[in-house]
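Colleague: Please find upload.txt (compact mmCIF, N, CA and C atoms) on the next line:
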# COMPACT_ATOMS: atom_id res chain seq x y z
N MET W 706 -14.31 35.44 -81.89
CA MET W 706 -15.68 35.61 -82.32
C MET W 706 -16.10 34.36 -83.08
N THR W 707 -17.27 33.87 -82.81
CA THR W 707 -17.80 32.69 -83.48
C THR W 707 -18.88 33.13 -84.44
N VAL W 708 -18.79 32.66 -85.66
CA VAL W 708 -19.83 32.93 -86.65
C VAL W 708 -21.03 32.08 -86.28
N ALA W 709 -22.21 32.67 -86.28
CA ALA W 709 -23.42 31.97 -85.86
C ALA W 709 -23.55 30.62 -86.56
N GLY W 710 -23.73 29.58 -85.77
CA GLY W 710 -23.92 28.24 -86.31
C GLY W 710 -22.64 27.54 -86.75
N TRP W 711 -21.51 28.19 -86.66
CA TRP W 711 -20.26 27.60 -87.13
C TRP W 711 -19.50 27.07 -85.94
N LYS W 712 -19.48 25.76 -85.78
CA LYS W 712 -18.86 25.14 -84.62
C LYS W 712 -17.58 24.38 -84.98
N GLU W 713 -17.28 24.26 -86.25
CA GLU W 713 -16.12 23.47 -86.66
C GLU W 713 -14.81 23.97 -86.08
N THR W 714 -14.67 25.28 -85.90
CA THR W 714 -13.41 25.81 -85.39
C THR W 714 -13.22 25.48 -83.91
N GLU W 715 -14.28 25.02 -83.25
CA GLU W 715 -14.16 24.66 -81.84
C GLU W 715 -13.67 23.23 -81.67
N ARG W 716 -13.65 22.47 -82.74
CA ARG W 716 -13.19 21.08 -82.63
C ARG W 716 -11.68 21.06 -82.44
N VAL W 717 -11.27 20.35 -81.44
CA VAL W 717 -9.85 20.25 -81.14
C VAL W 717 -9.50 18.79 -80.91
N PRO W 718 -8.24 18.43 -81.10
CA PRO W 718 -7.83 17.06 -80.81
C PRO W 718 -7.71 16.87 -79.29
N ALA W 719 -8.78 16.40 -78.68
CA ALA W 719 -8.85 16.28 -77.22
C ALA W 719 -7.72 15.42 -76.67
N GLU W 720 -7.41 14.33 -77.34
CA GLU W 720 -6.36 13.44 -76.86
C GLU W 720 -5.01 14.15 -76.83
N LEU W 721 -4.74 14.98 -77.83
CA LEU W 721 -3.49 15.74 -77.85
C LEU W 721 -3.43 16.72 -76.69
N LEU W 722 -4.53 17.39 -76.41
CA LEU W 722 -4.56 18.34 -75.30
C LEU W 722 -4.29 17.64 -73.97
N VAL W 723 -4.93 16.49 -73.78
CA VAL W 723 -4.76 15.75 -72.53
C VAL W 723 -3.31 15.28 -72.38
N LEU W 724 -2.76 14.69 -73.42
CA LEU W 724 -1.37 14.22 -73.35
C LEU W 724 -0.41 15.37 -73.08
N THR W 725 -0.68 16.51 -73.68
CA THR W 725 0.20 17.67 -73.50
C THR W 725 0.18 18.13 -72.04
N LEU W 726 -1.00 18.24 -71.44
CA LEU W 726 -1.08 18.69 -70.06
C LEU W 726 -0.52 17.66 -69.07
N LEU W 727 -0.67 16.39 -69.39
CA LEU W 727 -0.15 15.36 -68.49
C LEU W 727 1.38 15.24 -68.56
N GLN W 728 2.00 15.87 -69.55
CA GLN W 728 3.46 15.88 -69.62
C GLN W 728 4.04 16.59 -68.39
N GLU W 729 3.30 17.57 -67.88
CA GLU W 729 3.79 18.40 -66.78
C GLU W 729 3.72 17.67 -65.44
N GLU W 730 2.56 17.07 -65.17
CA GLU W 730 2.35 16.36 -63.90
C GLU W 730 1.06 15.56 -64.00
N ASP W 731 0.88 14.63 -63.06
CA ASP W 731 -0.36 13.86 -62.98
C ASP W 731 -1.50 14.82 -62.65
N LYS W 732 -2.68 14.54 -63.23
CA LYS W 732 -3.81 15.43 -63.01
C LYS W 732 -5.10 14.63 -62.94
N THR W 733 -6.08 15.19 -62.24
CA THR W 733 -7.42 14.62 -62.23
C THR W 733 -8.17 15.12 -63.46
N LYS W 734 -9.31 14.48 -63.74
CA LYS W 734 -10.13 14.92 -64.87
C LYS W 734 -10.60 16.35 -64.65
N ALA W 735 -10.96 16.68 -63.42
CA ALA W 735 -11.43 18.04 -63.12
C ALA W 735 -10.32 19.06 -63.37
N ALA W 736 -9.10 18.73 -62.99
CA ALA W 736 -7.96 19.64 -63.21
C ALA W 736 -7.70 19.80 -64.70
N LEU W 737 -7.79 18.72 -65.46
CA LEU W 737 -7.58 18.80 -66.91
C LEU W 737 -8.65 19.70 -67.54
N TYR W 738 -9.89 19.49 -67.16
CA TYR W 738 -11.01 20.28 -67.70
C TYR W 738 -10.78 21.77 -67.43
N ARG W 739 -10.43 22.08 -66.19
CA ARG W 739 -10.21 23.47 -65.78
C ARG W 739 -9.02 24.09 -66.53
N GLU W 740 -7.92 23.35 -66.62
CA GLU W 740 -6.73 23.89 -67.28
C GLU W 740 -6.92 24.10 -68.77
N ILE W 741 -7.64 23.21 -69.43
CA ILE W 741 -7.90 23.39 -70.86
C ILE W 741 -8.68 24.69 -71.08
N ALA W 742 -9.67 24.91 -70.26
CA ALA W 742 -10.47 26.14 -70.38
C ALA W 742 -9.62 27.37 -70.08
N GLN W 743 -8.91 27.35 -68.96
CA GLN W 743 -8.14 28.52 -68.54
C GLN W 743 -7.00 28.84 -69.49
N ARG W 744 -6.23 27.83 -69.86
CA ARG W 744 -5.06 28.08 -70.71
C ARG W 744 -5.43 28.50 -72.12
N SER W 745 -6.63 28.15 -72.56
CA SER W 745 -7.08 28.56 -73.90
C SER W 745 -7.84 29.87 -73.83
N ASP W 746 -7.83 30.50 -72.69
CA ASP W 746 -8.58 31.73 -72.47
C ASP W 746 -10.07 31.49 -72.76
N TYR W 747 -10.53 30.30 -72.41
CA TYR W 747 -11.91 29.86 -72.55
C TYR W 747 -12.39 29.81 -74.01
N ARG W 748 -11.45 29.66 -74.91
CA ARG W 748 -11.79 29.56 -76.34
C ARG W 748 -11.99 28.12 -76.78
N VAL W 749 -11.43 27.18 -76.05
CA VAL W 749 -11.60 25.76 -76.37
C VAL W 749 -12.73 25.24 -75.48
N ASP W 750 -13.82 24.84 -76.12
CA ASP W 750 -14.98 24.36 -75.41
C ASP W 750 -15.00 22.84 -75.49
N LEU W 751 -14.34 22.20 -74.55
CA LEU W 751 -14.26 20.75 -74.51
C LEU W 751 -15.19 20.26 -73.41
N SER W 752 -16.22 19.51 -73.78
CA SER W 752 -17.19 19.05 -72.78
C SER W 752 -16.56 18.01 -71.87
N ARG W 753 -17.15 17.84 -70.70
CA ARG W 753 -16.67 16.82 -69.77
C ARG W 753 -16.81 15.42 -70.37
N ALA W 754 -17.88 15.21 -71.12
CA ALA W 754 -18.10 13.91 -71.77
C ALA W 754 -17.00 13.62 -72.78
N ARG W 755 -16.65 14.63 -73.57
CA ARG W 755 -15.60 14.44 -74.56
C ARG W 755 -14.25 14.21 -73.89
N LEU W 756 -14.00 14.90 -72.79
CA LEU W 756 -12.78 14.70 -72.03
C LEU W 756 -12.73 13.28 -71.47
N SER W 757 -13.84 12.80 -70.94
CA SER W 757 -13.90 11.43 -70.41
C SER W 757 -13.63 10.41 -71.51
N THR W 758 -14.19 10.64 -72.68
CA THR W 758 -13.97 9.74 -73.82
C THR W 758 -12.49 9.74 -74.21
N ALA W 759 -11.88 10.91 -74.25
CA ALA W 759 -10.45 11.00 -74.60
C ALA W 759 -9.60 10.25 -73.58
N LEU W 760 -9.91 10.43 -72.29
CA LEU W 760 -9.14 9.73 -71.25
C LEU W 760 -9.31 8.22 -71.37
N ARG W 761 -10.54 7.76 -71.63
CA ARG W 761 -10.78 6.32 -71.79
C ARG W 761 -9.99 5.76 -72.98
N ARG W 762 -10.02 6.48 -74.09
CA ARG W 762 -9.29 6.02 -75.29
C ARG W 762 -7.78 5.99 -75.05
N LEU W 763 -7.28 7.02 -74.39
CA LEU W 763 -5.85 7.07 -74.11
C LEU W 763 -5.44 5.93 -73.17
N GLU W 764 -6.29 5.62 -72.23
CA GLU W 764 -6.00 4.52 -71.31
C GLU W 764 -6.02 3.18 -72.07
N GLU W 765 -6.99 3.00 -72.96
CA GLU W 765 -7.07 1.78 -73.76
C GLU W 765 -5.85 1.59 -74.65
N LYS W 766 -5.32 2.69 -75.15
CA LYS W 766 -4.12 2.64 -76.01
C LYS W 766 -2.84 2.47 -75.21
N GLY W 767 -2.93 2.61 -73.89
CA GLY W 767 -1.74 2.50 -73.06
C GLY W 767 -0.94 3.79 -72.97
N TYR W 768 -1.57 4.90 -73.31
CA TYR W 768 -0.88 6.19 -73.29
C TYR W 768 -0.99 6.90 -71.94
N VAL W 769 -2.02 6.54 -71.16
CA VAL W 769 -2.14 7.07 -69.80
C VAL W 769 -2.50 5.94 -68.85
N LEU W 770 -2.14 6.15 -67.61
CA LEU W 770 -2.52 5.25 -66.53
C LEU W 770 -3.50 5.97 -65.63
N CYS W 771 -4.49 5.25 -65.16
CA CYS W 771 -5.43 5.81 -64.20
C CYS W 771 -5.00 5.33 -62.82
N LEU W 772 -4.63 6.27 -61.99
CA LEU W 772 -4.21 5.95 -60.63
C LEU W 772 -5.36 6.23 -59.69
N GLN W 773 -5.88 5.20 -59.06
CA GLN W 773 -6.99 5.40 -58.14
C GLN W 773 -6.57 4.91 -56.77
N PRO W 774 -6.44 5.84 -55.82
CA PRO W 774 -6.07 5.44 -54.47
C PRO W 774 -7.16 4.54 -53.86
N PRO W 775 -6.80 3.72 -52.90
CA PRO W 775 -7.81 2.86 -52.27
C PRO W 775 -8.90 3.68 -51.58
N ARG W 776 -10.08 3.15 -51.60
CA ARG W 776 -11.22 3.83 -50.99
C ARG W 776 -11.27 3.51 -49.50
N GLU W 777 -11.42 4.54 -48.70
CA GLU W 777 -11.53 4.35 -47.26
C GLU W 777 -12.99 4.07 -46.91
N THR W 778 -13.19 3.20 -45.96
CA THR W 778 -14.54 2.82 -45.54
C THR W 778 -15.34 4.05 -45.09
N GLY W 779 -16.54 4.16 -45.62
CA GLY W 779 -17.43 5.24 -45.23
C GLY W 779 -17.14 6.57 -45.89
N LYS W 780 -16.16 6.63 -46.76
CA LYS W 780 -15.83 7.89 -47.43
C LYS W 780 -16.07 7.76 -48.93
N ALA W 781 -16.26 8.90 -49.57
CA ALA W 781 -16.45 8.92 -51.02
C ALA W 781 -15.18 8.43 -51.71
N ALA W 782 -15.35 7.85 -52.86
CA ALA W 782 -14.19 7.39 -53.63
C ALA W 782 -13.30 8.58 -53.98
N PRO W 783 -12.00 8.44 -53.79
CA PRO W 783 -11.10 9.54 -54.16
C PRO W 783 -11.08 9.75 -55.67
N ARG W 784 -10.77 10.96 -56.06
CA ARG W 784 -10.71 11.26 -57.50
C ARG W 784 -9.58 10.49 -58.15
N ARG W 785 -9.86 10.04 -59.36
CA ARG W 785 -8.82 9.34 -60.12
C ARG W 785 -7.84 10.36 -60.67
N THR W 786 -6.59 9.99 -60.65
CA THR W 786 -5.53 10.82 -61.20
C THR W 786 -4.97 10.09 -62.41
N TYR W 787 -4.62 10.86 -63.42
CA TYR W 787 -4.09 10.28 -64.66
C TYR W 787 -2.62 10.65 -64.82
N ARG W 788 -1.87 9.68 -65.34
CA ARG W 788 -0.43 9.86 -65.56
C ARG W 788 -0.10 9.40 -66.98
N VAL W 789 0.70 10.18 -67.67
CA VAL W 789 1.13 9.81 -69.03
C VAL W 789 2.20 8.73 -68.93
N THR W 790 2.15 7.77 -69.86
CA THR W 790 3.17 6.72 -69.93
C THR W 790 4.25 7.13 -70.94
N GLU W 791 5.30 6.34 -71.01
CA GLU W 791 6.35 6.63 -72.00
C GLU W 791 5.78 6.54 -73.42
N ALA W 792 4.92 5.55 -73.64
CA ALA W 792 4.26 5.43 -74.97
C ALA W 792 3.42 6.67 -75.24
N GLY W 793 2.79 7.22 -74.20
CA GLY W 793 1.99 8.43 -74.35
C GLY W 793 2.84 9.64 -74.67
N ARG W 794 4.04 9.70 -74.11
CA ARG W 794 4.96 10.82 -74.42
C ARG W 794 5.37 10.78 -75.89
N ILE W 795 5.63 9.60 -76.38
CA ILE W 795 6.01 9.44 -77.79
C ILE W 795 4.81 9.79 -78.69
N ALA W 796 3.63 9.29 -78.32
CA ALA W 796 2.42 9.57 -79.11
C ALA W 796 2.13 11.06 -79.13
N GLN W 797 2.37 11.76 -78.02
CA GLN W 797 2.13 13.19 -77.96
C GLN W 797 3.05 13.92 -78.92
N ASP W 798 4.31 13.53 -78.97
CA ASP W 798 5.26 14.16 -79.89
C ASP W 798 4.81 14.00 -81.35
N VAL W 799 4.41 12.78 -81.70
CA VAL W 799 3.96 12.51 -83.07
C VAL W 799 2.68 13.29 -83.39
N ALA W 800 1.71 13.24 -82.48
CA ALA W 800 0.43 13.94 -82.69
C ALA W 800 0.64 15.44 -82.80
N TYR W 801 1.53 15.98 -81.97
CA TYR W 801 1.81 17.42 -82.02
C TYR W 801 2.37 17.81 -83.37
N GLU W 802 3.34 17.06 -83.87
CA GLU W 802 3.95 17.36 -85.18
C GLU W 802 2.91 17.31 -86.28
N GLU W 803 2.05 16.29 -86.26
CA GLU W 803 1.01 16.16 -87.28
C GLU W 803 0.00 17.31 -87.20
N TYR W 804 -0.42 17.65 -85.99
CA TYR W 804 -1.40 18.72 -85.82
C TYR W 804 -0.80 20.06 -86.21
N TYR W 805 0.42 20.33 -85.78
CA TYR W 805 1.07 21.59 -86.10
C TYR W 805 1.23 21.74 -87.61
N SER W 806 1.59 20.66 -88.29
CA SER W 806 1.73 20.69 -89.74
C SER W 806 0.39 21.00 -90.40
N THR W 807 -0.68 20.43 -89.87
CA THR W 807 -2.02 20.69 -90.41
C THR W 807 -2.40 22.15 -90.22
N VAL W 808 -2.12 22.69 -89.03
CA VAL W 808 -2.43 24.09 -88.75
C VAL W 808 -1.65 25.00 -89.69
N GLN W 809 -0.39 24.70 -89.94
CA GLN W 809 0.41 25.49 -90.88
C GLN W 809 -0.19 25.44 -92.28
N GLY W 810 -0.62 24.24 -92.69
CA GLY W 810 -1.24 24.10 -94.01
C GLY W 810 -2.52 24.89 -94.11
N MET W 811 -3.32 24.88 -93.06
CA MET W 811 -4.55 25.68 -93.04
C MET W 811 -4.23 27.16 -93.14
N GLY W 812 -3.18 27.59 -92.44
CA GLY W 812 -2.76 28.99 -92.52
C GLY W 812 -2.41 29.39 -93.93
N LEU W 813 -1.69 28.52 -94.63
CA LEU W 813 -1.32 28.80 -96.02
C LEU W 813 -2.56 28.91 -96.91
N LEU W 814 -3.50 27.99 -96.71
CA LEU W 814 -4.72 28.03 -97.51
C LEU W 814 -5.53 29.29 -97.24
N LEU W 815 -5.65 29.66 -95.97
CA LEU W 815 -6.43 30.86 -95.64
C LEU W 815 -5.74 32.12 -96.15
N ASP W 816 -4.42 32.18 -96.06
CA ASP W 816 -3.70 33.33 -96.60
C ASP W 816 -3.89 33.42 -98.11
N PHE W 817 -3.84 32.28 -98.78
CA PHE W 817 -4.00 32.24 -100.22
C PHE W 817 -5.40 32.71 -100.61
N ALA W 818 -6.38 32.40 -99.80
CA ALA W 818 -7.76 32.77 -100.10
C ALA W 818 -8.08 34.21 -99.71
N GLY W 819 -7.10 34.94 -99.20
CA GLY W 819 -7.31 36.33 -98.83
C GLY W 819 -8.02 36.50 -97.50
N PHE W 820 -8.02 35.46 -96.70
CA PHE W 820 -8.71 35.51 -95.41
C PHE W 820 -8.15 36.62 -94.53
N GLU W 821 -6.85 36.79 -94.53
CA GLU W 821 -6.22 37.80 -93.67
C GLU W 821 -6.72 39.20 -94.00
N GLU W 822 -6.93 39.49 -95.30
CA GLU W 822 -7.43 40.80 -95.70
C GLU W 822 -8.86 41.03 -95.23
N ARG W 823 -9.66 39.96 -95.21
CA ARG W 823 -11.06 40.08 -94.82
C ARG W 823 -11.25 40.06 -93.32
N LEU W 824 -10.26 39.62 -92.58
CA LEU W 824 -10.41 39.42 -91.14
C LEU W 824 -10.84 40.69 -90.41
N GLY W 825 -10.28 41.82 -90.74
CA GLY W 825 -10.61 43.06 -90.05
C GLY W 825 -11.79 43.80 -90.63
N GLN W 826 -12.32 43.33 -91.74
CA GLN W 826 -13.42 44.03 -92.39
C GLN W 826 -14.75 43.63 -91.77
N GLU W 827 -15.71 44.52 -91.86
CA GLU W 827 -17.05 44.23 -91.37
C GLU W 827 -18.06 44.58 -92.45
N GLU W 828 -19.18 43.89 -92.43
CA GLU W 828 -20.28 44.20 -93.32
C GLU W 828 -20.94 45.48 -92.80
N GLU W 829 -21.90 46.00 -93.56
CA GLU W 829 -22.60 47.22 -93.15
C GLU W 829 -23.34 47.05 -91.82
N ASP W 830 -23.80 45.82 -91.53
CA ASP W 830 -24.54 45.60 -90.29
C ASP W 830 -23.63 45.28 -89.11
N GLY W 831 -22.30 45.36 -89.27
CA GLY W 831 -21.37 45.14 -88.19
C GLY W 831 -20.89 43.71 -88.03
N ARG W 832 -21.42 42.78 -88.86
CA ARG W 832 -20.99 41.38 -88.78
C ARG W 832 -19.64 41.22 -89.48
N PRO W 833 -18.87 40.20 -89.10
CA PRO W 833 -17.60 39.95 -89.80
C PRO W 833 -17.85 39.68 -91.28
N ALA W 834 -16.90 40.05 -92.12
CA ALA W 834 -17.06 39.92 -93.57
C ALA W 834 -16.65 38.54 -94.07
N PHE W 835 -16.77 37.55 -93.26
CA PHE W 835 -16.48 36.19 -93.73
C PHE W 835 -17.57 35.33 -93.28
Written as structure tokens, that's how I'd like the structure from this file.

Modeller:
Amino acid sequence: MTVAGWKETERVPAELLVLTLLQEEDKTKAALYREIAQRSDYRVDLSRARLSTALRRLEEKGYVLCLQPPRETGKAAPRRTYRVTEAGRIAQDVAYEEYYSTVQGMGLLLDFAGFEERLGQEEEDGRPAF
């Protein structure tokens, strides 16, 4: 459930998500977009523009390679496929540890603030009590 006007919880480390999915196999941008949505049960709303930006940044850092097959005469350009590099595998491990640590810290703060107790409560009008 999203609190009206509250979009901060939808922000995710796009580069970490991309590196994580590319660990499994090479993928196109369309496949990455689809898998992020499906695997998150459509809770992660990552725009195509943001995904493109993440892929460009990862390529600039040397963490992914863009594999583009040669274009055949008279045919549309084939979709680009992305592959994680060894540097990208290392970066993914580091980013995962940092992000996971942050999520754990947030959990501690929310527990301390009594968030867990308020989670199941509702106001008189049926809205969440937070």

Colleague: Tell me, in Å to one decimal, how far atom C of Ile741 in chain W is from atom N of Gln797 in chain W.

Modeller: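 Atom N of Gln797 in chain W lies at a distance of 18.4 Å from atom C of Ile741 in chain W.
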
Colleague: For the atom pair atom N of Thr786 in chain W and atom N of Leu760 in chain W, what is the interatomic distance in Å to one decimal place?

Modeller: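 Going from atom N of Thr786 in chain W over to atom N of Leu760 in chain W covers 12.1 Å.
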
Colleague: So, counting only C-alpha atoms, which residue among W:Lys734, W:Arg739, W:Arg794, W:Lys780 is closest to Arg761 in chain W?

Modeller: W:Lys734

Colleague: Identify which of the residues W:Glu729, W:Asp816, W:Tyr768, W:Arg755 lies closest to Ala792 in chain W, counting only N, CA and C atoms when measuring atom-to-atom distances.

Modeller: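 Once distances to Ala792 in chain W are computed over only N, CA and C atoms, the minimum belongs to W:Tyr768.
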
Colleague: Please determine, counting only C-alpha atoms, which residue among W:Val769, W:Val808, W:Leu724, W:Ala736 has the shortest atom-to-atom distance to Arg753 in chain W.

Modeller: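 Counting only C-alpha atoms, the residue closest to Arg753 in chain W is W:Ala736.
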
Colleague: Nearest to Glu764 in chain W among W:Ala735, W:Val789, W:Leu815, W:Leu726, with distances taken over only C-alpha atoms: which residue is it?

Modeller: W:Val789

Colleague: May I ask for the distance between CA of Gly767 in chain W and CA of Ala742 in chain W, given in Å to one decimal place?

Modeller: 25.3 Å

Colleague: Apply DSSP to the structure's backbone, then extract all residues of range 732-832 of chain W labelled strand (DSSP E) and return them as a list in words.

Modeller: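 Selecting the strand (DSSP E) positions of range 732-832 of chain W gives Lys732, Thr733, Val769, Leu770, Cys771, Leu772, Thr786, Tyr787, Arg788 and Val789 of chain W.
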
Colleague: Using only C-alpha atoms, can you tell me which of W:Thr807, W:Thr790, W:Thr778, W:Ser757 comes closest to Leu737 in chain W?

Modeller: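 For Leu737 in chain W, the nearest of the candidates is W:Ser757.
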